[in-house]
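File shown: protein_1.txt (compact mmCIF, C-alpha atoms).
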# COMPACT_ATOMS: atom_id res chain seq x y z
CA ALA A 1 0.00 0.00 0.00
CA ASN A 2 2.87 2.39 0.75
CA ILE A 3 4.43 1.81 -2.68
CA LEU A 4 1.07 2.43 -4.32
CA LYS A 5 0.66 5.58 -2.26
CA GLN A 6 4.09 6.96 -3.13
CA GLU A 7 3.72 6.25 -6.84
CA ALA A 8 0.31 7.90 -6.95
CA LEU A 9 1.48 10.94 -4.99
CA SER A 10 4.44 11.34 -7.35
CA LEU A 11 1.94 11.86 -10.17
CA GLY A 12 -0.08 14.46 -8.28
CA ALA A 13 -2.94 12.11 -7.41
CA GLU A 14 -4.45 11.96 -3.94
CA VAL A 15 -4.35 8.80 -1.81
CA ALA A 16 -6.13 7.85 1.41
CA THR A 17 -5.16 4.80 3.46
CA SER A 18 -5.73 3.57 6.99
CA ARG A 19 -3.46 4.83 9.78
CA SER A 20 -1.92 1.35 10.03
CA VAL A 21 -0.23 1.87 6.64
CA VAL A 22 1.64 4.92 7.92
CA ASP A 23 2.98 3.24 11.08
CA LEU A 24 3.50 -0.13 9.31
CA LYS A 25 1.41 -1.98 11.90
CA GLY A 26 -1.44 -3.19 9.71
CA LYS A 27 -1.46 -6.26 7.48
CA ARG A 28 -4.02 -4.87 5.04
CA SER A 29 -5.77 -1.63 4.18
CA ASP A 30 -8.29 -0.21 1.79
CA VAL A 31 -6.79 2.44 -0.49
CA LEU A 32 -8.81 5.32 -1.92
CA LEU A 33 -7.32 6.84 -5.09
CA LEU A 34 -8.38 10.25 -6.39
CA GLY A 35 -6.99 11.49 -9.67
CA THR A 36 -7.53 12.30 -13.32
CA GLU A 37 -7.75 9.71 -16.06
CA LYS A 38 -4.28 10.75 -17.24
CA GLN A 39 -2.85 10.24 -13.75
CA TYR A 40 -4.44 6.81 -13.51
CA ARG A 41 -2.97 5.77 -16.86
CA LEU A 42 0.49 6.90 -15.80
CA LEU A 43 0.06 5.08 -12.49
CA VAL A 44 -0.77 1.86 -14.35
CA GLU A 45 2.56 2.05 -16.19
CA LYS A 46 4.49 2.72 -12.97
CA LEU A 47 2.85 -0.15 -11.09
CA LYS A 48 3.64 -2.65 -13.83
CA ARG A 49 7.30 -2.48 -12.77
CA GLN A 50 6.67 -2.93 -9.05
CA PRO A 51 6.75 -6.12 -6.87
CA PHE A 52 4.17 -7.44 -4.37
CA SER A 53 1.42 -8.13 -6.93
CA LEU A 54 1.25 -4.44 -7.85
CA ALA A 55 1.46 -5.45 -11.52
CA GLU A 56 -1.85 -7.27 -11.02
CA ILE A 57 -3.35 -4.13 -9.49
CA ALA A 58 -2.07 -2.21 -12.52
CA GLU A 59 -3.96 -4.58 -14.80
CA GLU A 60 -7.11 -4.16 -12.69
CA LEU A 61 -6.84 -0.37 -12.89
CA LYS A 62 -6.33 -0.57 -16.64
CA ASN A 63 -9.48 -2.68 -17.01
CA LEU A 64 -11.47 -0.33 -14.79
CA LEU A 65 -10.55 2.65 -16.95
CA VAL A 66 -11.90 0.78 -19.98
CA ASN A 67 -15.00 -0.58 -18.26
CA PHE A 68 -16.19 2.72 -16.83
CA LYS A 69 -16.21 4.12 -20.37
CA CYS A 70 -18.60 1.39 -21.56
CA LYS A 71 -21.94 3.17 -21.81
CA ARG A 72 -23.73 1.50 -24.72
CA TRP A 73 -24.10 -2.11 -25.75
CA LYS A 74 -25.73 -3.98 -28.60
CA ILE A 75 -26.69 -7.58 -27.83
CA GLU A 76 -28.09 -9.88 -30.50
CA CYS A 77 -31.11 -11.84 -29.19
CA GLY A 78 -32.04 -14.22 -31.97
CA LYS A 79 -33.83 -12.12 -34.58
CA TYR A 80 -33.95 -9.17 -32.17
CA THR A 81 -31.31 -6.69 -31.04
CA LEU A 82 -31.15 -5.27 -27.52
CA ARG A 83 -29.68 -1.77 -27.41
CA LEU A 84 -28.69 -0.97 -23.86
CA GLY A 85 -27.28 2.23 -22.45
CA GLY A 86 -29.62 4.62 -24.26
CA ARG A 87 -33.16 4.56 -22.92
CA THR A 88 -33.80 2.21 -20.03
CA LEU A 89 -35.30 -1.10 -21.15
CA ILE A 90 -38.22 -2.76 -19.38
CA MET A 91 -38.44 -6.50 -18.77
CA GLY A 92 -42.00 -7.58 -18.01
CA ILE A 93 -42.39 -10.45 -15.54
CA LEU A 94 -44.62 -13.37 -16.53
CA ASN A 95 -44.78 -15.93 -13.73
CA VAL A 96 -46.65 -19.03 -14.85
CA THR A 97 -46.61 -20.42 -11.32
CA PRO A 98 -49.19 -20.99 -8.59
CA ASP A 99 -46.94 -19.72 -5.78
CA SER A 100 -44.89 -16.67 -6.84
CA PHE A 101 -44.63 -14.07 -4.08
CA ALA A 102 -46.27 -11.24 -6.04
CA ASP A 103 -48.71 -12.80 -8.50
CA GLY A 104 -48.86 -16.52 -7.77
CA GLY A 105 -51.75 -18.26 -9.51
CA ARG A 106 -52.87 -15.29 -11.61
CA TYR A 107 -51.25 -16.43 -14.85
CA ASP A 108 -50.83 -20.18 -14.41
CA THR A 109 -53.18 -21.09 -17.27
CA LEU A 110 -52.19 -20.79 -20.92
CA ASP A 111 -54.88 -18.25 -21.81
CA SER A 112 -54.29 -16.00 -18.79
CA ALA A 113 -50.52 -16.06 -19.38
CA LEU A 114 -50.91 -15.11 -23.04
CA LEU A 115 -53.30 -12.27 -22.20
CA GLN A 116 -50.92 -10.87 -19.58
CA ALA A 117 -47.95 -11.07 -21.94
CA GLU A 118 -49.88 -9.27 -24.66
CA ARG A 119 -50.98 -6.65 -22.13
CA MET A 120 -47.38 -6.00 -21.05
CA ALA A 121 -46.23 -5.83 -24.67
CA GLY A 122 -48.92 -3.25 -25.38
CA GLU A 123 -47.92 -1.24 -22.31
CA GLY A 124 -44.33 -0.88 -23.47
CA ALA A 125 -42.31 -3.88 -22.32
CA ASP A 126 -39.11 -4.52 -24.28
CA ILE A 127 -38.74 -8.15 -23.15
CA ILE A 128 -41.09 -10.71 -21.61
CA ASP A 129 -39.45 -12.90 -18.94
CA VAL A 130 -41.19 -16.25 -18.48
CA GLY A 131 -40.65 -18.16 -15.23
CA GLY A 132 -42.06 -21.52 -14.18
CA GLU A 133 -40.60 -21.81 -10.68
CA SER A 134 -41.05 -19.45 -7.78
CA THR A 135 -37.74 -18.46 -6.18
CA ARG A 136 -39.19 -16.55 -3.24
CA PRO A 137 -37.44 -17.25 0.08
CA GLY A 138 -38.08 -20.70 1.52
CA THR A 139 -39.45 -22.34 -1.63
CA ARG A 140 -38.61 -25.85 -2.72
CA PRO A 141 -37.41 -26.67 -6.26
CA VAL A 142 -40.06 -27.50 -8.84
CA PRO A 143 -39.60 -30.88 -10.57
CA LEU A 144 -38.13 -30.58 -14.06
CA GLN A 145 -41.13 -31.99 -15.90
CA GLU A 146 -43.50 -29.67 -14.06
CA GLU A 147 -41.42 -26.61 -14.95
CA LEU A 148 -41.35 -27.71 -18.59
CA ARG A 149 -45.12 -28.24 -18.53
CA ARG A 150 -45.66 -24.73 -17.19
CA THR A 151 -43.30 -22.82 -19.47
CA ILE A 152 -42.82 -24.43 -22.88
CA PRO A 153 -46.45 -24.30 -24.15
CA VAL A 154 -46.63 -20.62 -23.17
CA ILE A 155 -43.34 -19.83 -24.91
CA LYS A 156 -44.36 -21.61 -28.11
CA ARG A 157 -47.52 -19.53 -28.31
CA LEU A 158 -45.87 -16.28 -27.24
CA VAL A 159 -43.19 -16.26 -29.93
CA LYS A 160 -45.94 -16.41 -32.55
CA ARG A 161 -48.13 -13.71 -31.01
CA ILE A 162 -45.69 -11.12 -29.65
CA ASN A 163 -43.03 -9.28 -31.61
CA LEU A 164 -40.63 -9.03 -28.67
CA PRO A 165 -37.71 -11.10 -27.39
CA ILE A 166 -38.73 -13.69 -24.79
CA SER A 167 -36.42 -14.69 -21.94
CA ILE A 168 -36.57 -17.80 -19.77
CA ASP A 169 -36.10 -17.41 -16.02
CA THR A 170 -34.59 -20.72 -14.87
CA TYR A 171 -31.43 -22.35 -13.58
CA LYS A 172 -32.09 -25.73 -15.24
CA SER A 173 -30.19 -26.54 -18.45
CA ARG A 174 -32.92 -28.84 -19.81
CA VAL A 175 -35.51 -26.08 -19.48
CA VAL A 176 -33.15 -23.64 -21.19
CA ARG A 177 -32.49 -26.02 -24.07
CA GLU A 178 -36.18 -26.65 -24.74
CA ALA A 179 -37.00 -22.97 -24.31
CA LEU A 180 -34.33 -21.93 -26.80
CA ASP A 181 -35.57 -24.57 -29.24
CA SER A 182 -39.06 -23.09 -28.80
CA GLY A 183 -37.97 -19.55 -29.69
CA VAL A 184 -36.64 -17.96 -26.50
CA SER A 185 -33.96 -15.32 -27.13
CA LEU A 186 -32.33 -14.81 -23.72
CA VAL A 187 -31.48 -16.80 -20.56
CA ASN A 188 -32.05 -15.35 -17.07
CA ASP A 189 -30.19 -17.55 -14.55
CA ILE A 190 -30.58 -16.61 -10.87
CA SER A 191 -27.76 -19.02 -10.00
CA ALA A 192 -25.20 -17.50 -12.40
CA LEU A 193 -24.39 -20.95 -13.85
CA ARG A 194 -23.82 -22.57 -10.42
CA MET A 195 -26.85 -24.83 -9.85
CA ASP A 196 -26.72 -26.92 -13.03
CA LYS A 197 -23.38 -28.01 -14.46
CA GLY A 198 -24.88 -28.33 -17.92
CA MET A 199 -26.16 -24.75 -18.11
CA ALA A 200 -22.99 -23.09 -19.40
CA GLY A 201 -22.63 -25.61 -22.20
CA VAL A 202 -26.19 -25.07 -23.42
CA VAL A 203 -25.90 -21.28 -23.33
CA SER A 204 -22.57 -21.45 -25.17
CA LYS A 205 -23.87 -23.86 -27.81
CA TYR A 206 -26.89 -21.68 -28.63
CA LYS A 207 -24.89 -18.42 -28.37
CA ALA A 208 -27.69 -17.08 -26.19
CA PRO A 209 -27.45 -13.81 -24.24
CA LEU A 210 -27.19 -14.50 -20.51
CA ILE A 211 -28.15 -12.68 -17.33
CA LEU A 212 -25.87 -13.56 -14.40
CA MET A 213 -27.44 -12.81 -11.01
CA HIS A 214 -25.92 -12.79 -7.54
CA MET A 215 -27.55 -14.87 -4.84
CA GLN A 216 -26.10 -15.82 -1.47
CA GLY A 217 -27.19 -19.41 -0.83
CA ARG A 218 -30.22 -20.91 -2.56
CA PRO A 219 -33.90 -19.89 -2.58
CA GLY A 220 -34.65 -22.32 0.24
CA ASN A 221 -32.10 -20.82 2.65
CA MET A 222 -30.96 -17.50 1.17
CA GLN A 223 -32.77 -15.33 3.74
CA LYS A 224 -31.48 -17.21 6.79
CA ASN A 225 -29.31 -14.46 8.25
CA PRO A 226 -27.28 -13.41 5.18
CA LYS A 227 -23.99 -11.71 6.11
CA TYR A 228 -21.50 -9.51 4.25
CA GLU A 229 -18.47 -7.44 5.19
CA ASP A 230 -18.87 -5.29 2.07
CA VAL A 231 -22.04 -6.25 0.23
CA VAL A 232 -21.33 -4.40 -3.02
CA GLY A 233 -17.65 -5.32 -3.11
CA GLU A 234 -18.48 -8.98 -2.55
CA ILE A 235 -21.19 -9.01 -5.22
CA ILE A 236 -18.85 -7.35 -7.72
CA SER A 237 -16.16 -9.95 -6.96
CA PHE A 238 -18.72 -12.73 -7.39
CA LEU A 239 -19.98 -11.40 -10.72
CA LYS A 240 -16.43 -10.86 -11.94
CA GLU A 241 -15.63 -14.51 -11.20
CA ARG A 242 -18.85 -15.67 -12.87
CA ILE A 243 -18.09 -13.66 -16.01
CA ALA A 244 -14.63 -15.23 -16.12
CA PHE A 245 -16.15 -18.70 -15.69
CA ALA A 246 -18.68 -18.06 -18.45
CA LYS A 247 -15.90 -16.98 -20.80
CA GLU A 248 -13.94 -20.14 -20.00
CA GLU A 249 -17.03 -22.14 -20.96
CA GLY A 250 -17.24 -20.47 -24.36
CA ILE A 251 -19.83 -17.80 -23.60
CA ASP A 252 -19.11 -14.47 -25.26
CA GLU A 253 -18.71 -11.72 -22.65
CA ALA A 254 -20.40 -9.34 -25.07
CA ARG A 255 -23.65 -11.30 -24.50
CA ILE A 256 -23.61 -11.04 -20.69
CA ILE A 257 -25.85 -8.82 -18.55
CA ILE A 258 -25.33 -8.58 -14.76
CA ASP A 259 -27.90 -8.44 -11.95
CA PRO A 260 -26.96 -7.70 -8.29
CA GLY A 261 -29.91 -9.82 -7.12
CA ILE A 262 -32.08 -7.54 -5.01
CA GLY A 263 -33.70 -9.63 -2.26
CA PHE A 264 -31.74 -12.79 -2.99
CA GLY A 265 -29.75 -13.46 0.17
CA LYS A 266 -29.84 -9.85 1.38
CA LYS A 267 -31.31 -8.02 4.36
CA LYS A 268 -32.98 -4.62 4.11
CA GLU A 269 -29.73 -2.75 4.75
CA HIS A 270 -27.91 -4.79 2.09
CA ASN A 271 -30.55 -4.03 -0.53
CA LEU A 272 -30.58 -0.31 0.25
CA GLU A 273 -26.79 -0.15 0.05
CA ILE A 274 -26.89 -1.83 -3.37
CA PHE A 275 -29.29 0.83 -4.67
CA ASN A 276 -27.01 3.57 -3.30
CA ARG A 277 -23.90 2.06 -4.90
CA LEU A 278 -25.28 0.72 -8.18
CA SER A 279 -22.87 2.85 -10.19
CA GLU A 280 -19.97 0.77 -8.85
CA PHE A 281 -21.19 -2.19 -10.91
CA LYS A 282 -20.13 -0.21 -13.99
CA SER A 283 -16.62 -1.38 -13.08
CA LEU A 284 -17.50 -4.73 -14.67
CA GLY A 285 -18.11 -3.16 -18.07
CA ARG A 286 -21.45 -4.94 -18.61
CA PRO A 287 -25.04 -3.65 -18.75
CA ILE A 288 -26.90 -3.79 -15.45
CA LEU A 289 -30.35 -5.28 -14.82
CA VAL A 290 -32.16 -4.59 -11.54
CA GLY A 291 -35.31 -6.33 -10.31
CA PRO A 292 -36.90 -4.15 -7.60
CA SER A 293 -40.53 -4.97 -8.30
CA ARG A 294 -42.68 -5.42 -5.17
CA LYS A 295 -39.64 -6.75 -3.29
CA SER A 296 -39.49 -7.29 0.48
CA VAL A 297 -37.20 -4.29 0.94
CA ILE A 298 -40.21 -2.09 0.13
CA GLY A 299 -42.26 -3.90 2.74
CA ASP A 300 -39.41 -3.59 5.24
CA VAL A 301 -39.15 0.17 4.70
CA LEU A 302 -42.84 1.05 4.42
CA GLY A 303 -44.51 -1.78 6.32
CA LEU A 304 -46.71 -2.67 3.35
CA PRO A 305 -47.90 -6.01 1.93
CA VAL A 306 -46.97 -7.14 -1.58
CA GLU A 307 -50.16 -5.82 -3.18
CA GLU A 308 -49.48 -2.26 -1.90
CA ARG A 309 -45.89 -1.83 -3.13
CA LEU A 310 -46.49 -0.08 -6.46
CA GLU A 311 -45.28 3.35 -5.34
CA GLY A 312 -42.30 1.83 -3.55
CA THR A 313 -41.42 -0.04 -6.72
CA ALA A 314 -41.61 3.23 -8.66
CA ALA A 315 -39.19 4.86 -6.22
CA LEU A 316 -36.69 2.00 -6.54
CA VAL A 317 -36.97 2.00 -10.33
CA ALA A 318 -36.20 5.73 -10.37
CA ALA A 319 -33.27 5.30 -7.98
CA SER A 320 -31.92 2.42 -10.06
CA ILE A 321 -31.92 4.41 -13.28
CA LEU A 322 -30.39 7.49 -11.67
CA ASN A 323 -27.59 5.31 -10.30
CA GLY A 324 -26.77 3.56 -13.55
CA THR A 325 -29.04 0.61 -14.31
CA ASP A 326 -29.78 -0.17 -17.96
CA MET A 327 -32.83 -2.44 -17.61
CA VAL A 328 -35.50 -2.94 -14.94
CA ARG A 329 -37.48 -6.14 -14.36
CA VAL A 330 -41.04 -5.32 -13.21
CA HIS A 331 -44.59 -6.62 -12.87
CA ASP A 332 -46.38 -3.30 -13.47
CA VAL A 333 -45.22 -2.33 -16.94
CA ARG A 334 -47.68 0.49 -17.65
CA GLU A 335 -46.88 2.41 -14.48
CA MET A 336 -43.14 1.77 -14.60
CA LYS A 337 -43.01 2.82 -18.26
CA GLN A 338 -44.03 6.31 -17.11
CA VAL A 339 -41.39 6.34 -14.38
CA VAL A 340 -38.70 5.15 -16.78
CA GLY A 341 -39.67 7.69 -19.44
CA THR A 342 -39.58 10.58 -16.98
CA ILE A 343 -36.21 9.67 -15.43
CA ASP A 344 -34.68 8.99 -18.84
CA ALA A 345 -35.79 12.46 -19.96
CA ILE A 346 -34.12 14.03 -16.92
CA LEU A 347 -30.86 12.19 -17.60
CA ARG A 348 -30.86 13.19 -21.27
CA GLU A 349 -30.92 16.84 -20.19
CA GLN A 350 -27.74 16.52 -18.09

Structure rendered as structure tokens:
Amino acid sequence: ANILKQEALSLGAEVATSRSVVDLKGKRSDVLLLGTEKQYRLLVEKLKRQPFSLAEIAEELKNLLVNFKCKRWKIECGKYTLRLGGRTLIMGILNVTPDSFADGGRYDTLDSALLQAERMAGEGADIIDVGGESTRPGTRPVPLQEELRRTIPVIKRLVKRINLPISIDTYKSRVVREALDSGVSLVNDISALRMDKGMAGVVSKYKAPLILMHMQGRPGNMQKNPKYEDVVGEIISFLKERIAFAKEEGIDEARIIIDPGIGFGKKKEHNLEIFNRLSEFKSLGRPILVGPSRKSVIGDVLGLPVEERLEGTAALVAASILNGTDMVRVHDVREMKQVVGTIDAILREQ
């Protein structure tokens, strides 16, 4: 840390460390760097020649400088193209389940699911996300055949009736394969390729865009006293490792979207900190999806049941966009379309 501090100071940058660095008593310390882009680039070159893994830090800084400049992405989704980084995109949630936390049982028949999807498309959704297994806290996994029975017939009808990309919300490779064969354009995996060893291979084979989400634990136990020392730092490290794993498995990084996983293994204070620090996820250089819709954090803050969380959802959608998200995943498309449009207009005027 002292070498890093001296090299940065020699370039005119500012450096803050813990007191233990000055008196050489500490074994580790966070380091806060403040400087211009030019100073950072010069620092990278200086650190490349230093010992103690400082060359690795130089490479990290170099990547950060590139990633923070990534503001627009174009992702091919089958016959569709997702353009992220301009206006905020809206992913409409279609749960074809009897037990989802927000709308369980409302769209678990083929006709009701199709009507809801068409309604969301008409209200301004950019993507429809189909899920056949509830992942609310404490749930048990749905058998494979049951998840296929719930999702595949709906997908086959949707791709013929709606001129929008369809995504599949699942962590099972068999469901993904059949969904992609049925016309799905994008894979939304809450496990970030961890819960099914075959998932990465299927996504790679089909060259499908992929959403990698952070979750501490599994749906059945994720809310049993989740703990973090630095919630955002740990999620960023997790997503960085998952992106690297996906690349090793043949998945193109240019097709990856990241999701910090609001409500998945997080307490109220963790979720609120994520919203406050969303811009830090830009360090990964990938578009950001956030799913705040009707989540428990709203109930924790306002003391409201699921059916009364519309305004709280609107507030979190606005906060997400202002802090850097590129896509929001919501139940109430019509109302959130107005929120998104208003915040996007404000940002365009900056």

Worksheet item: What's the 7 Å shell around segment 331-347 of chain A, counting all atoms listed in the file, without same-chain residues fewer than 3 positions away, as a ChimeraX atom specification?
Response: /A:87-88,92-93,120,123-125,293,314,318,350

Item to complete: Fewer than 2 positions away in the same chain doesn't count, so skip those; otherwise give me all residues within 9 Å of Arg28 of chain A, counting all atoms listed in the file, as a ChimeraX atom specification.
Response: /A:1,18,20-21,26,30

Limited to C-alpha atoms, could you put the picked residues into a file as a short mmCIF file (atom, residue, chain, number, x, y, z; two decimals), in the frame of the given file?
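Below is the file selection-v7.cif, written as the result:
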data_model
loop_
_atom_site.label_atom_id
_atom_site.label_comp_id
_atom_site.auth_asym_id
_atom_site.auth_seq_id
_atom_site.Cartn_x
_atom_site.Cartn_y
_atom_site.Cartn_z
CA ALA A 1 0.00 0.00 0.00
CA SER A 18 -5.73 3.57 6.99
CA SER A 20 -1.92 1.35 10.03
CA VAL A 21 -0.23 1.87 6.64
CA GLY A 26 -1.44 -3.19 9.71
CA ASP A 30 -8.29 -0.21 1.79
#

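Candidate residues A:Ile128, A:Leu180, A:Val22, A:Val154 were compared for distance to Ile166 of chain A, and the nearest is A:Ile128, using only C-alpha atoms.
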
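Of the residues listed (A:Ser296, A:Thr151, A:Thr81, A:Thr313), A:Thr81 shows the shortest atom-to-atom separation from Ser185 of chain A; distances use all atoms listed in the file.
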
Worksheet item: Smallest atom-to-atom distance to Arg149 of chain A: which of A:Leu310, A:Ala254, A:Leu110, A:Leu212, using only C-alpha atoms?
Response: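 Residue with the minimum atom-to-atom distance to Arg149 of chain A: A:Leu110.
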
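Proximity ranking of A:Arg72, A:Arg329, A:Lys295, A:Lys38 relative to Glu307 of chain A places A:Lys295 first, based on only C-alpha atoms.
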
Worksheet entry | Near-Met195 of chain A list (9 Å; all atoms listed in the file; drop same-chain fewer than 6 positions) as a list of chain:residue names |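 Near neighbours after the sequence-gap exclusion: A:Tyr171, A:Lys172, A:Arg218.
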
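Protein, DNA and RNA residues at most 9 Å from (-37.3, -14.3, -26.9), with all atoms listed in the file, are these: Cys77, Gly78, Lys79, Tyr80, Ile127, Ile128, Asp129, Ile155, Leu158, Val159, Asn163, Leu164, Pro165, Ile166, Ser167, Ile168, Leu180, Gly183, Val184, Ser185, Leu186 and Val187 of chain A.
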
Keeping only C-alpha atoms, write the selected residues to a file as an mmCIF file, in the frame of the given file.
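The resulting file, selection_14.cif, is shown below:
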data_model
loop_
_atom_site.group_PDB
_atom_site.id
_atom_site.type_symbol
_atom_site.label_atom_id
_atom_site.label_comp_id
_atom_site.auth_asym_id
_atom_site.auth_seq_id
_atom_site.Cartn_x
_atom_site.Cartn_y
_atom_site.Cartn_z
ATOM 1 C CA CYS A 77 -31.110 -11.840 -29.190
ATOM 2 C CA GLY A 78 -32.040 -14.220 -31.970
ATOM 3 C CA LYS A 79 -33.830 -12.120 -34.580
ATOM 4 C CA TYR A 80 -33.950 -9.170 -32.170
ATOM 5 C CA ILE A 127 -38.740 -8.150 -23.150
ATOM 6 C CA ILE A 128 -41.090 -10.710 -21.610
ATOM 7 C CA ASP A 129 -39.450 -12.900 -18.940
ATOM 8 C CA ILE A 155 -43.340 -19.830 -24.910
ATOM 9 C CA LEU A 158 -45.870 -16.280 -27.240
ATOM 10 C CA VAL A 159 -43.190 -16.260 -29.930
ATOM 11 C CA ASN A 163 -43.030 -9.280 -31.610
ATOM 12 C CA LEU A 164 -40.630 -9.030 -28.670
ATOM 13 C CA PRO A 165 -37.710 -11.100 -27.390
ATOM 14 C CA ILE A 166 -38.730 -13.690 -24.790
ATOM 15 C CA SER A 167 -36.420 -14.690 -21.940
ATOM 16 C CA ILE A 168 -36.570 -17.800 -19.770
ATOM 17 C CA LEU A 180 -34.330 -21.930 -26.800
ATOM 18 C CA GLY A 183 -37.970 -19.550 -29.690
ATOM 19 C CA VAL A 184 -36.640 -17.960 -26.500
ATOM 20 C CA SER A 185 -33.960 -15.320 -27.130
ATOM 21 C CA LEU A 186 -32.330 -14.810 -23.720
ATOM 22 C CA VAL A 187 -31.480 -16.800 -20.560
#

Fill in: Nearest candidate to Lys240 of chain A (options A:Ser283, A:Gln39, A:Ser191, A:Asn271; using only C-alpha atoms)
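Ranking A:Ser283, A:Gln39, A:Ser191, A:Asn271 by distance to Lys240 of chain A, first place goes to A:Ser283.
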
Worksheet item: Neighbours of Val231 of chain A within 8 Å (all atoms listed in the file; same-chain residues fewer than 6 positions away dropped), as a list in words?
Response: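 Here the qualifying residues turn out to be His270, Glu273 and Ile274 of chain A.
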
Item to complete: Find the spatial neighbours of Ser204 of chain A, counting all atoms listed in the file, within a cut-off of 8 Å - ignore same-chain residues fewer than 5 positions away - and output them as a ChimeraX atom specification.
Response: /A:249-252

Item to complete: To one decimal in Å, tell me the separation between atom CA of Ser173 of chain A and atom CA of Gly233 of chain A.
Response: 29.0 Å
